[in-house]
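Undergrad: My questions will all concern the structure given below.
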Amino acid sequence: MDLQRKKHPCGLPRKRMLKRRSDFQRVYHAGRSCANRYMVLYVFEVQEGFGKMRGKAAFAAGKKLGCAVKRNRVKRLLREVYRHHQDGLRDDIAVLLVGRKAMVEASTDEVSRTFVGLAKRAKAWRKEADRR
């Protein structure tokens with residue numbers, strides 16, 4: 001019996017996530033930000049020399065949101081919304097999504113709708129993705 005895991009077409013592999021503190025800081029400080037009541041989206045346009053950051057994402061939830069259970073739920077929501085809409089985002093950017101207090105009580109549909117609007121406002125959304 002073959003125990004290989006099947007790859008999901010909309011998956012979010014670990015190699016597509018920013019992990020190092022320096023990468024987080026670079027996106028946070030050098031990227032432009034756009035916010036709504038549910039989240040803050042930081043977009044860093046990857047230049048030469050930072051090619052390994054291209055197309056990667058990071059997710060954060062601060063301690064102001066509440067206990068670890070609430071923070072983990074917010075990060076799960078952010079990852080899920082990003083996973084569903086990653087094909088609509090430009091390839092030459094790295095993004096950081098930071099959850100806000102309102103997201104603790106929000107549904108996935110609400111967060112998904114607002115993410116797309118936020119990505120368009122931040123100029124992170126592909127033009128051709130609107131035509132689908």
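Residue numbering restarts at 1 in every chain; chains get A, B, ... in the order shown in the structure tokens, and ligands count up from 1 in that same order.
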Mind the document's chain letters and residue numbers, and return as a ChimeraX atom specification the residues of stretch 62-121 of chain A that DSSP labels helix (DSSP H, G or I).
TA: /A:63-65,68-88,101-105,108-121
Undergrad: Take the residues from that selection and put them in a file with N, CA and C atoms, as a compact mmCIF listing (two decimals), in the first residue's frame.
TA:
```txt
# COMPACT_ATOMS: atom_id res chain seq x y z
N LYS A 63 -1.40 39.33 20.74
CA LYS A 63 -1.98 38.91 22.02
C LYS A 63 -3.20 39.74 22.42
N LYS A 64 -3.42 40.88 21.76
CA LYS A 64 -4.60 41.70 22.04
C LYS A 64 -5.89 40.98 21.67
N LEU A 65 -5.80 39.98 20.81
CA LEU A 65 -6.99 39.27 20.34
C LEU A 65 -7.57 38.34 21.40
N ALA A 68 -4.85 31.93 23.48
CA ALA A 68 -4.21 31.21 22.38
C ALA A 68 -5.24 30.57 21.44
N VAL A 69 -6.35 30.11 21.99
CA VAL A 69 -7.38 29.47 21.17
C VAL A 69 -7.93 30.47 20.16
N LYS A 70 -8.20 31.69 20.59
CA LYS A 70 -8.73 32.72 19.69
C LYS A 70 -7.68 33.14 18.66
N ARG A 71 -6.44 33.30 19.10
CA ARG A 71 -5.38 33.69 18.17
C ARG A 71 -5.15 32.62 17.11
N ASN A 72 -5.18 31.36 17.52
CA ASN A 72 -5.00 30.27 16.56
C ASN A 72 -6.15 30.20 15.58
N ARG A 73 -7.38 30.46 16.03
CA ARG A 73 -8.53 30.48 15.12
C ARG A 73 -8.38 31.59 14.08
N VAL A 74 -7.93 32.76 14.52
CA VAL A 74 -7.72 33.88 13.60
C VAL A 74 -6.66 33.51 12.56
N LYS A 75 -5.56 32.91 12.99
CA LYS A 75 -4.52 32.52 12.04
C LYS A 75 -5.01 31.44 11.08
N ARG A 76 -5.82 30.51 11.57
CA ARG A 76 -6.41 29.49 10.69
C ARG A 76 -7.32 30.12 9.65
N LEU A 77 -8.13 31.08 10.07
CA LEU A 77 -9.00 31.80 9.13
C LEU A 77 -8.18 32.53 8.07
N LEU A 78 -7.12 33.21 8.50
CA LEU A 78 -6.27 33.94 7.56
C LEU A 78 -5.63 32.99 6.56
N ARG A 79 -5.11 31.87 7.04
CA ARG A 79 -4.49 30.89 6.14
C ARG A 79 -5.50 30.32 5.16
N GLU A 80 -6.70 30.03 5.63
CA GLU A 80 -7.73 29.45 4.77
C GLU A 80 -8.17 30.42 3.68
N VAL A 81 -8.37 31.67 4.05
CA VAL A 81 -8.78 32.69 3.08
C VAL A 81 -7.66 32.90 2.06
N TYR A 82 -6.43 32.99 2.53
CA TYR A 82 -5.30 33.15 1.61
C TYR A 82 -5.19 31.94 0.68
N ARG A 83 -5.35 30.76 1.21
CA ARG A 83 -5.23 29.52 0.43
C ARG A 83 -6.24 29.50 -0.72
N HIS A 84 -7.47 29.95 -0.45
CA HIS A 84 -8.50 29.94 -1.48
C HIS A 84 -8.27 31.01 -2.56
N HIS A 85 -7.62 32.10 -2.19
CA HIS A 85 -7.47 33.22 -3.12
C HIS A 85 -6.04 33.43 -3.59
N GLN A 86 -5.12 32.52 -3.30
CA GLN A 86 -3.71 32.73 -3.64
C GLN A 86 -3.48 32.83 -5.14
N ASP A 87 -4.31 32.17 -5.94
CA ASP A 87 -4.14 32.24 -7.40
C ASP A 87 -4.49 33.61 -7.96
N GLY A 88 -5.29 34.38 -7.23
CA GLY A 88 -5.66 35.72 -7.68
C GLY A 88 -4.64 36.78 -7.36
N LYS A 101 -9.20 42.37 16.01
CA LYS A 101 -10.15 41.91 17.03
C LYS A 101 -11.49 41.46 16.43
N ALA A 102 -11.98 42.16 15.41
CA ALA A 102 -13.28 41.82 14.82
C ALA A 102 -13.28 40.44 14.17
N MET A 103 -12.11 39.94 13.81
CA MET A 103 -12.03 38.65 13.14
C MET A 103 -12.32 37.49 14.09
N VAL A 104 -12.20 37.70 15.37
CA VAL A 104 -12.44 36.64 16.34
C VAL A 104 -13.86 36.10 16.20
N GLU A 105 -14.82 36.96 15.94
CA GLU A 105 -16.22 36.57 15.83
C GLU A 105 -16.70 36.45 14.38
N THR A 108 -16.06 32.77 7.91
CA THR A 108 -15.11 32.62 6.82
C THR A 108 -15.57 33.39 5.59
N ASP A 109 -16.88 33.40 5.31
CA ASP A 109 -17.40 34.11 4.14
C ASP A 109 -17.15 35.61 4.24
N GLU A 110 -17.39 36.19 5.43
CA GLU A 110 -17.15 37.62 5.62
C GLU A 110 -15.68 37.96 5.39
N VAL A 111 -14.82 37.18 5.99
CA VAL A 111 -13.38 37.43 5.88
C VAL A 111 -12.91 37.25 4.44
N SER A 112 -13.45 36.27 3.76
CA SER A 112 -13.08 36.01 2.36
C SER A 112 -13.45 37.19 1.47
N ARG A 113 -14.66 37.70 1.63
CA ARG A 113 -15.10 38.85 0.82
C ARG A 113 -14.24 40.07 1.07
N THR A 114 -13.94 40.33 2.33
CA THR A 114 -13.16 41.53 2.65
C THR A 114 -11.70 41.38 2.23
N PHE A 115 -11.18 40.15 2.22
CA PHE A 115 -9.80 39.93 1.78
C PHE A 115 -9.62 40.31 0.31
N VAL A 116 -10.56 39.89 -0.53
CA VAL A 116 -10.47 40.20 -1.96
C VAL A 116 -10.50 41.71 -2.18
N GLY A 117 -11.40 42.39 -1.50
CA GLY A 117 -11.47 43.85 -1.61
C GLY A 117 -10.20 44.53 -1.14
N LEU A 118 -9.65 44.02 -0.07
CA LEU A 118 -8.42 44.58 0.48
C LEU A 118 -7.24 44.35 -0.46
N ALA A 119 -7.16 43.17 -1.05
CA ALA A 119 -6.08 42.87 -1.99
C ALA A 119 -6.17 43.76 -3.23
N LYS A 120 -7.38 44.03 -3.70
CA LYS A 120 -7.54 44.93 -4.85
C LYS A 120 -7.13 46.35 -4.49
N ARG A 121 -7.50 46.78 -3.28
CA ARG A 121 -7.15 48.13 -2.85
C ARG A 121 -5.64 48.28 -2.67
```
Undergrad: Give me, as a Markdown table, the closest atom pair and its distance (Å, one decimal) for every residue of stretch 86-127 of chain A within a cut-off of 10 Å of stretch 23-33 of chain A, counting only C-alpha atoms, rows sorted by chain and rising number.
TA:
```
| residue | atom | partner | partner_atom | distance |
| --- | --- | --- | --- | --- |
| A:Ile93 | CA | A:Gly31 | CA | 9.5 |
| A:Ala94 | CA | A:Val27 | CA | 7.0 |
| A:Val95 | CA | A:Val27 | CA | 6.9 |
| A:Leu96 | CA | A:Val27 | CA | 6.7 |
| A:Leu97 | CA | A:Ser33 | CA | 9.7 |
| A:Leu118 | CA | A:Ser33 | CA | 9.7 |
| A:Arg121 | CA | A:Ser33 | CA | 9.8 |
| A:Ala122 | CA | A:Ser33 | CA | 7.1 |
| A:Lys123 | CA | A:Arg32 | CA | 9.9 |
```
Undergrad: Can you work out which one of A:Ala57, A:Met17, A:Gly11, A:Arg90 has the shortest atom-to-atom distance to A:Leu41, counting only C-alpha atoms?
TA: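 Counting only C-alpha atoms, the residue closest to A:Leu41 is A:Ala57.
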Undergrad: Return the single residue from A:Cys67, A:Leu89, A:Ala106, A:Ala58 that is closest to A:Ser22, with distances computed using only C-alpha atoms.
TA: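 With only C-alpha atoms as the atom set, the closest residue is A:Ala58.
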Undergrad: Stretch 6-108 of chain A: which residues are strand (DSSP E or B) by DSSP, as a count of residues only?
TA: 24
Undergrad: Calculate how many Å separate atom CA of A:Met39 from atom CA of A:Arg126, rounding to one decimal.
TA: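 These two atoms are separated by 20.0 Å.
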